[in-house]
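*Asks:* Contents of target-v8.txt (compact mmCIF, C-alpha atoms) are below:
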# COMPACT_ATOMS: atom_id res chain seq x y z
CA MET A 656 103.41 106.51 96.43
CA THR A 657 104.92 107.73 99.69
CA ASP A 658 103.00 109.06 102.68
CA ASP A 659 105.01 112.13 103.68
CA ARG A 660 103.10 114.14 106.25
CA SER A 661 106.05 115.89 107.90
CA ASP A 662 104.87 119.32 106.65
CA THR A 663 101.30 118.93 107.91
CA SER A 664 100.18 119.88 111.40
CA LEU A 665 98.97 117.39 113.99
CA PRO A 666 95.55 117.53 115.63
CA SER A 667 95.70 119.21 119.03
CA GLY A 668 96.07 117.10 122.17
CA LEU A 669 98.71 115.14 124.05
CA TYR A 670 101.11 112.67 122.43
CA ILE A 671 103.06 110.35 124.75
CA VAL A 672 106.27 109.52 122.88
CA ALA A 673 108.84 106.90 123.90
CA THR A 674 112.47 107.83 123.22
CA PRO A 675 115.63 105.67 123.07
CA ILE A 676 117.16 104.38 126.32
CA GLY A 677 120.67 104.40 124.88
CA ASN A 678 120.92 103.59 121.21
CA LEU A 679 119.49 106.49 119.21
CA GLY A 680 118.54 104.08 116.43
CA ASP A 681 115.75 102.74 118.64
CA ILE A 682 113.44 105.68 118.12
CA THR A 683 110.46 104.73 115.96
CA LEU A 684 109.61 106.25 112.61
CA ARG A 685 106.25 107.30 114.01
CA ALA A 686 107.92 109.06 116.95
CA VAL A 687 110.18 111.03 114.60
CA ASP A 688 107.18 112.01 112.49
CA VAL A 689 105.23 113.27 115.50
CA LEU A 690 108.21 115.18 116.91
CA LYS A 691 108.62 116.92 113.55
CA ARG A 692 104.94 117.87 113.33
CA CYS A 693 104.11 118.77 116.93
CA ASP A 694 103.99 122.31 118.33
CA VAL A 695 105.49 121.88 121.82
CA VAL A 696 107.59 119.24 123.60
CA ALA A 697 107.27 118.68 127.37
CA CYS A 698 110.38 117.03 128.82
CA GLU A 699 112.26 116.31 132.05
CA ASP A 700 115.55 117.96 131.07
CA THR A 701 115.63 120.41 128.18
CA ARG A 702 119.33 119.70 127.61
CA VAL A 703 118.81 115.97 127.19
CA THR A 704 115.79 116.32 124.91
CA GLY A 705 117.48 119.15 123.04
CA LYS A 706 120.34 116.80 122.09
CA LEU A 707 117.87 114.20 120.79
CA LEU A 708 115.97 116.75 118.73
CA LYS A 709 119.22 118.13 117.31
CA HIS A 710 120.21 114.59 116.31
CA LEU A 711 116.86 114.27 114.51
CA GLY A 712 117.18 117.67 112.86
CA VAL A 713 114.15 119.00 114.75
CA SER A 714 113.70 122.32 116.52
CA LYS A 715 110.70 122.77 118.84
CA PRO A 716 109.81 124.86 121.91
CA LEU A 717 110.67 122.86 125.05
CA ILE A 718 108.77 123.09 128.34
CA ARG A 719 110.28 121.48 131.42
CA TYR A 720 107.96 119.02 133.13
CA ASP A 721 109.36 117.03 136.06
CA ASP A 722 108.74 116.31 139.73
CA HIS A 723 109.81 119.84 140.69
CA SER A 724 107.86 121.82 138.11
CA GLU A 725 104.92 119.47 137.60
CA GLY A 726 102.18 121.56 139.23
CA ARG A 727 102.88 124.92 137.61
CA SER A 728 103.73 123.37 134.23
CA ARG A 729 100.60 121.22 133.99
CA ASP A 730 98.15 124.11 133.57
CA LYS A 731 100.42 125.67 130.95
CA LEU A 732 100.62 122.41 129.00
CA LEU A 733 96.87 121.85 129.20
CA GLN A 734 96.36 125.31 127.76
CA HIS A 735 98.67 124.43 124.86
CA MET A 736 96.83 121.13 124.29
CA ARG A 737 93.53 122.88 123.70
CA GLU A 738 94.91 124.45 120.53
CA GLU A 739 98.18 122.64 119.75
CA ALA A 740 99.85 119.24 119.62
CA VAL A 741 101.93 118.67 122.76
CA VAL A 742 104.45 115.82 122.93
CA LEU A 743 105.44 114.38 126.32
CA VAL A 744 108.83 112.64 126.53
CA SER A 745 111.10 111.47 129.33
CA ASP A 746 114.89 111.66 129.31
CA ALA A 747 114.97 108.05 128.09
CA GLY A 748 112.43 105.34 127.41
CA THR A 749 108.67 105.37 127.86
CA PRO A 750 107.18 108.37 129.71
CA LEU A 751 105.32 107.76 133.00
CA ILE A 752 107.32 104.58 133.80
CA SER A 753 108.91 105.76 137.08
CA ASP A 754 108.71 109.26 135.61
CA PRO A 755 106.27 112.15 136.12
CA GLY A 756 103.34 112.47 133.79
CA TYR A 757 100.34 110.48 134.95
CA ARG A 758 98.64 113.56 136.40
CA LEU A 759 99.03 115.35 133.08
CA VAL A 760 97.46 112.41 131.25
CA ARG A 761 94.66 112.17 133.81
CA ASP A 762 93.87 115.88 133.64
CA ALA A 763 93.90 115.84 129.82
CA ARG A 764 91.50 112.90 129.74
CA GLU A 765 89.19 114.48 132.33
CA GLU A 766 89.04 117.62 130.19
CA GLY A 767 88.18 115.55 127.12
CA LEU A 768 91.42 116.36 125.30
CA PRO A 769 92.74 113.70 122.89
CA VAL A 770 95.57 111.56 124.30
CA THR A 771 97.66 109.34 122.01
CA THR A 772 100.50 107.01 123.00
CA LEU A 773 103.43 106.03 120.78
CA PRO A 774 105.07 102.88 122.21
CA GLY A 775 108.80 102.27 122.08
CA ALA A 776 111.84 101.54 124.22
CA CYS A 777 111.39 100.66 127.91
CA ALA A 778 114.30 99.58 130.12
CA ALA A 779 112.13 97.36 132.33
CA ILE A 780 110.84 95.30 129.42
CA ALA A 781 114.24 95.22 127.70
CA GLY A 782 115.79 93.86 130.90
CA LEU A 783 113.08 91.23 131.26
CA THR A 784 113.62 89.94 127.73
CA LEU A 785 117.36 89.59 128.36
CA SER A 786 117.17 88.01 131.80
CA GLY A 787 115.95 84.52 130.93
CA LEU A 788 113.68 84.68 134.00
CA PRO A 789 110.02 83.59 133.82
CA ASN A 790 108.05 86.25 131.97
CA ASP A 791 104.51 84.89 132.05
CA ARG A 792 103.91 86.94 135.21
CA PHE A 793 105.96 89.94 136.28
CA LEU A 794 105.65 92.97 138.52
CA PHE A 795 107.39 96.28 137.87
CA ALA A 796 107.95 98.04 141.21
CA GLY A 797 110.08 101.02 140.19
CA PHE A 798 113.13 102.34 142.02
CA VAL A 799 114.43 100.68 145.18
CA PRO A 800 114.46 103.20 148.08
CA SER A 801 117.87 104.58 148.97
CA LYS A 802 117.70 104.44 152.79
CA GLU A 803 118.44 101.09 154.43
CA LYS A 804 115.22 100.62 156.43
CA ALA A 805 113.02 101.84 153.60
CA ARG A 806 114.84 99.48 151.23
CA ALA A 807 114.35 96.51 153.56
CA ASP A 808 110.65 97.29 154.10
CA PHE A 809 110.10 97.79 150.38
CA LEU A 810 111.74 94.51 149.37
CA GLN A 811 110.08 92.56 152.18
CA SER A 812 106.68 93.77 150.98
CA LEU A 813 107.39 92.08 147.63
CA SER A 814 108.71 88.82 149.01
CA ASP A 815 105.58 86.67 148.58
CA ILE A 816 104.59 87.86 145.11
CA ASP A 817 104.58 84.85 142.77
CA ALA A 818 106.09 86.63 139.78
CA THR A 819 109.37 87.91 138.44
CA LEU A 820 110.10 91.28 140.03
CA ILE A 821 111.50 94.15 137.93
CA LEU A 822 113.19 96.98 139.83
CA TYR A 823 115.30 99.99 138.99
CA GLU A 824 118.49 100.52 140.97
CA THR A 825 121.56 102.74 140.78
CA GLY A 826 125.14 101.54 140.44
CA PRO A 827 126.38 102.81 143.84
CA ARG A 828 123.51 101.11 145.71
CA LEU A 829 123.37 97.84 143.78
CA ALA A 830 125.69 95.83 146.05
CA LYS A 831 123.66 96.76 149.17
CA THR A 832 120.42 95.63 147.56
CA LEU A 833 122.02 92.39 146.39
CA GLY A 834 123.31 91.88 149.93
CA PHE A 835 119.75 92.05 151.26
CA LEU A 836 118.58 89.57 148.64
CA ALA A 837 121.47 87.21 149.42
CA GLU A 838 120.54 87.22 153.11
CA HIS A 839 116.76 87.02 152.83
CA TRP A 840 116.09 85.37 149.44
CA PRO A 841 119.16 83.17 148.87
CA GLY A 842 117.37 80.65 146.67
CA ARG A 843 115.99 83.07 144.08
CA GLU A 844 117.71 83.70 140.79
CA VAL A 845 118.66 87.29 140.14
CA ALA A 846 119.65 89.14 136.97
CA VAL A 847 121.34 92.51 136.56
CA ALA A 848 120.83 94.27 133.21
CA ARG A 849 122.87 97.39 132.49
CA GLU A 850 124.06 99.57 129.62
CA LEU A 851 120.95 98.41 127.76
CA THR A 852 121.03 98.93 123.98
CA LYS A 853 124.54 100.41 124.21
CA LEU A 854 127.87 99.01 123.03
CA HIS A 855 128.68 97.35 126.35
CA GLU A 856 125.20 95.99 127.10
CA GLU A 857 125.36 93.37 129.85
CA CYS A 858 122.94 91.01 131.53
CA ARG A 859 124.51 88.92 134.28
CA SER A 860 122.48 86.33 136.19
CA GLY A 861 123.05 84.03 139.14
CA SER A 862 122.44 84.03 142.88
CA ALA A 863 122.28 87.35 144.69
CA ASN A 864 125.49 86.47 146.54
CA GLU A 865 127.37 85.68 143.32
CA LEU A 866 126.28 88.96 141.80
CA ARG A 867 127.03 90.93 144.96
CA GLU A 868 130.61 89.60 144.99
CA HIS A 869 131.03 90.47 141.32
CA TYR A 870 129.73 94.03 141.57
CA GLU A 871 131.58 94.76 144.80
CA ALA A 872 134.77 93.94 142.91
CA SER A 873 133.65 95.80 139.78
CA PRO A 874 131.27 98.61 140.82
CA PRO A 875 128.85 99.50 137.98
CA ARG A 876 127.74 102.97 136.96
CA GLY A 877 124.45 104.42 135.88
CA GLU A 878 120.93 103.10 136.31
CA ILE A 879 120.33 99.37 136.35
CA VAL A 880 117.42 97.01 135.84
CA LEU A 881 117.40 94.45 138.66
CA LEU A 882 115.28 91.35 138.12
CA ILE A 883 114.39 88.74 140.72
CA GLY A 884 112.88 85.37 139.90
CA PRO A 885 109.70 84.10 141.60
CA PRO A 886 109.86 82.46 145.03
CA ILE A 887 110.86 78.80 145.14
CA GLU A 888 107.91 76.89 146.57
CA GLU A 889 109.25 73.36 147.02
CA SER A 890 112.45 72.13 148.61
CA VAL A 891 114.57 69.74 146.56
CA ASP A 892 116.67 67.00 148.14
CA GLU A 893 120.02 65.75 146.84
CA ALA A 894 118.50 62.82 144.96
CA ASP A 895 116.04 65.09 143.14
CA ALA A 896 118.83 67.50 142.24
CA ASP A 897 120.93 64.66 140.84
CA ARG A 898 117.99 63.43 138.79
CA LEU A 899 117.34 66.86 137.34
CA LEU A 900 121.04 67.34 136.61
CA ALA A 901 121.29 63.96 134.90
CA GLU A 902 118.31 64.79 132.69
CA ALA A 903 119.73 68.17 131.77
CA LEU A 904 123.19 66.71 131.06
CA GLU A 905 121.72 64.52 128.34
CA THR A 906 121.40 67.55 126.07
CA GLN A 907 123.43 70.35 127.67
CA LYS A 908 126.89 71.24 128.89
CA ALA A 909 127.54 71.04 132.63
CA SER A 910 127.38 74.81 133.06
CA GLN A 911 124.08 75.02 131.18
CA ALA A 912 122.62 72.09 133.12
CA ALA A 913 123.63 73.66 136.43
CA ALA A 914 122.06 76.98 135.45
CA GLU A 915 118.81 75.30 134.41
CA VAL A 916 118.50 73.28 137.62
CA ALA A 917 119.37 76.36 139.67
CA ARG A 918 116.48 78.23 138.04
CA LYS A 919 114.08 75.37 138.73
CA THR A 920 115.12 74.66 142.31
CA GLY A 921 116.76 77.75 143.76
CA LEU A 922 119.87 75.72 144.64
CA ASP A 923 123.32 77.28 144.36
CA ARG A 924 124.54 77.20 140.77
CA LYS A 925 128.22 76.75 141.66
CA ALA A 926 127.45 73.71 143.83
CA LEU A 927 125.25 72.28 141.08
CA TYR A 928 128.00 72.78 138.51
CA ALA A 929 130.49 70.90 140.71
CA ARG A 930 127.98 68.07 141.12
CA ALA A 931 127.27 68.06 137.36
CA MET A 932 130.99 67.61 136.68
CA GLU A 933 131.04 64.68 139.12
CA LEU A 934 128.05 63.07 137.42
CA ARG A 935 129.57 63.62 133.99
CA GLY A 936 132.82 61.99 135.19
CA LYS A 937 130.93 58.90 136.28
Kindly return the structure encoded in the file as C-alpha cells.
*Replies:*
Amino acid sequence: MTDDRSDTSLPSGLYIVATPIGNLGDITLRAVDVLKRCDVVACEDTRVTGKLLKHLGVSKPLIRYDDHSEGRSRDKLLQHMREEAVVLVSDAGTPLISDPGYRLVRDAREEGLPVTTLPGACAAIAGLTLSGLPNDRFLFAGFVPSKEKARADFLQSLSDIDATLILYETGPRLAKTLGFLAEHWPGREVAVARELTKLHEECRSGSANELREHYEASPPRGEIVLLIGPPIEESVDEADADRLLAEALETQKASQAAAEVARKTGLDRKALYARAMELRGK
C-alpha cells in the first residue's frame, strides 16, 4: 500500500524547506511532498524558486521574502500562516543559514503557530565533509566582509577559536582572503570547496599561499565555501617532522605522507613532500 498524500492539504503553519544547492536531484521526497501540498511559498527570488517549482511540476503563489522586503512581508506571511501552510525556502540550500528568515521563525513561534523544519542540502556542511579537515568541532561564521579592514577584523576575531572554521566567500574576493590567511595564519591548512554537487565540483586543500597562487592564476566564479583548519598549538622541529614522515611513509605515498604531516604540524606541504622523497630515496 502506498502513502500518497499529495492531494491532501497540510496543517497551517510554517514549513522550513531546504532546496538543492546545485544538483536538482538533491531535493528530498518530503520536501517535494510539502511543496505540492502547501498554500504559499516564501522565497528570496521568485524567478529562482519559480524555476525549481516548474522543474517539480508545481505551481504555487510566491511571496518575496528577503533582506529588503523582510519587514513588510513578515506580517503578510504570519497572516497566511494562521489559516494556511506557508513554505519558506532560500535560493539554494537550507533557509536561515546566512539567509533571512530567523525573525519570521521567531515571530511564528511567539504567536504559537506551528513551525516544522525539513532538513536537506547545506553548502557549509557539504564543504566540511569534502575538506578532510577536523570535523569534531567546527564554527560556521557566514560570509567574509567585502571591505579590507572589516575583513581583517572579522578574520582576526576568529583566530584563536580551536575549531575548523567554515566561511562563505565569493570568487572575486577569494584571493584577497587567502592572502590574509597566508600572511597571518601560514601554518593552518585551508580548503576551498566550489561548484558543490555540480558536474565540476571541486575541493582543493593546502596552505593558504598555495591556494592563493592557484586561484590568482585561475580565478573562480560563484560562491565558495572556505574552510580553515584549527590553530597549530605546538611547534615541530626537523627531527620530529622526519619521524612523522617516516611513520607515514610506511603505509602511504610520499604525497599522501606529506599531506598528513602538514595537517598535523602546520608545516609547508611542498617542503614536506621534498623531504619525504629524500627519506624514501635513503
*Asks:* From the set A:Ala931, A:Val845, A:Ile883, A:Leu743, which residue has the shortest atom-to-atom contact distance to Gly861 of chain A, counting all atoms listed in the file?
*Replies:* A:Val845
*Asks:* Report the distance between atom CA of Gly884 of chain A and atom CA of Ala818 of chain A in Å, rounded to one decimal place.
*Replies:* 6.9 Å
*Asks:* With distances taken over only C-alpha atoms, which residue among A:Lys853, A:Arg806, A:Arg685, A:Lys908 lies nearest Tyr670 of chain A?
*Replies:* A:Arg685
*Asks:* Rank A:Leu768, A:Gly797, A:Arg924, A:Glu857 by their smallest atom-to-atom distance to Pro841 of chain A, using all atoms listed in the file, and report the top residue only.
*Replies:* A:Arg924
*Asks:* Would you list the contacts of segment 760-763 of chain A as a list of chain:residue names, taking every protein, DNA or RNA residue within 9 Å and counting all atoms listed in the file, but skipping same-chain residues closer than 5 positions in sequence?
*Replies:*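 Non-adjacent residues within range: A:Gly668, A:Leu669, A:Ile671, A:Arg729, A:Leu733, A:Met736, A:Leu768, A:Pro769, A:Val770.
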*Asks:* For Ala781 of chain A, find every residue with an atom within 9 Å (counting all atoms listed in the file), except residues of its own chain fewer than 3 positions away, and show them as a PDB file with C-alpha atoms, in the frame of the given file.
*Replies:*
ATOM      1  CA  ALA A 776     111.840 101.540 124.220  1.00  0.00           C
ATOM      2  CA  CYS A 777     111.390 100.660 127.910  1.00  0.00           C
ATOM      3  CA  ALA A 778     114.300  99.580 130.120  1.00  0.00           C
ATOM      4  CA  THR A 784     113.620  89.940 127.730  1.00  0.00           C
ATOM      5  CA  LEU A 785     117.360  89.590 128.360  1.00  0.00           C
ATOM      6  CA  SER A 786     117.170  88.010 131.800  1.00  0.00           C
ATOM      7  CA  ALA A 848     120.830  94.270 133.210  1.00  0.00           C
ATOM      8  CA  LEU A 851     120.950  98.410 127.760  1.00  0.00           C
ATOM      9  CA  THR A 852     121.030  98.930 123.980  1.00  0.00           C
ATOM     10  CA  VAL A 880     117.420  97.010 135.840  1.00  0.00           C
TER      11      VAL A 880
END
*Asks:* Pick from A:Leu922, A:Leu822, A:Leu810, A:Ile752: nearest to Ser862 of chain A, with all atoms listed in the file counted?
*Replies:*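 Closest candidate: A:Leu922.
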*Asks:* Between atom CA of Gly756 of chain A and atom CA of Arg719 of chain A, what is the distance in Å, rounded to a tenth?
*Replies:*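 A separation of 11.6 Å between them.
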*Asks:* Under the rule that only C-alpha atoms are counted, which of A:Ala894, A:Val847, A:Cys693, A:Ala926 is the nearest residue to Glu739 of chain A?
*Replies:*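 So, comparing all the options, the nearest one is A:Cys693.
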*Asks:* Using only C-alpha atoms, determine which residues lie at most 12 Å from Pro789 of chain A, disregarding the query and same-chain residues fewer than 4 positions distant; provide the list as a ChimeraX atom specification.
*Replies:* /A:783-785,793-794,817-821,843-846,882-886,918-919
*Asks:* Of the residues A:Leu751, A:Val916, A:Ala740, A:Ala686, which is the one nearest to Thr663 of chain A, using all atoms listed in the file?
*Replies:*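 For Thr663 of chain A, the nearest of the given residues is A:Ala740.
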*Asks:* Go ahead and compute the interatomic distance for atom CA of Val891 of chain A and atom CA of Gly787 of chain A, in Å to one decimal.
*Replies:*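 One can read the atom CA of Val891 of chain A to atom CA of Gly787 of chain A distance as 21.6 Å.
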*Asks:* List as number ranges by chain the residues having at least one atom at most 12 Å from position (129.4, 102.8, 134.7) as given in the file, counting all atoms listed in the file.
*Replies:* A: 825-827, 829, 849-851, 853, 855-857, 870, 873-879
*Asks:* Kindly provide the residues of segment 670-706 of chain A that approach segment 713-717 of chain A to within 6 Å, each paired with its closest atom pair and their distance in Å to one decimal, based on all atoms listed in the file, listed by chain and increasing number, as CSV.
*Replies:*
residue,atom,partner,partner_atom,distance
A:Val695,CA,A:Pro716,CA,5.2
A:Val696,CA,A:Leu717,CA,5.0
A:Ala697,CA,A:Leu717,CA,5.9
*Asks:* So that I can check the surroundings of Ala673 of chain A, please list as a ChimeraX atom specification every protein, DNA and RNA residue that reaches within 7 Å of it, counting only C-alpha atoms and ignoring chain neighbours fewer than 4 positions away.
*Replies:* /A:744,748-750,773-776
*Asks:* For a cutoff of 10 Å around the file-coordinate point (116.7, 84.7, 150.0), which residues qualify once you count only C-alpha atoms? I'd like the result as a list in words.
*Replies:*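 Checked against the point, the hits come out as Ser814, Gly834, Phe835, Leu836, Ala837, Glu838, His839, Trp840, Pro841, Gly842, Arg843, Glu844, Ser862, Ala863, Asn864, Pro886, Ile887 and Gly921 of chain A.
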*Asks:* For Val703 of chain A, please output as a PyMOL selection string all residues within 12 Å (counting all atoms listed in the file; exclusion window: fewer than 2 positions along the same chain).
*Replies:* chain A and resi 674-677+697-701+705-710+717+719+744-747
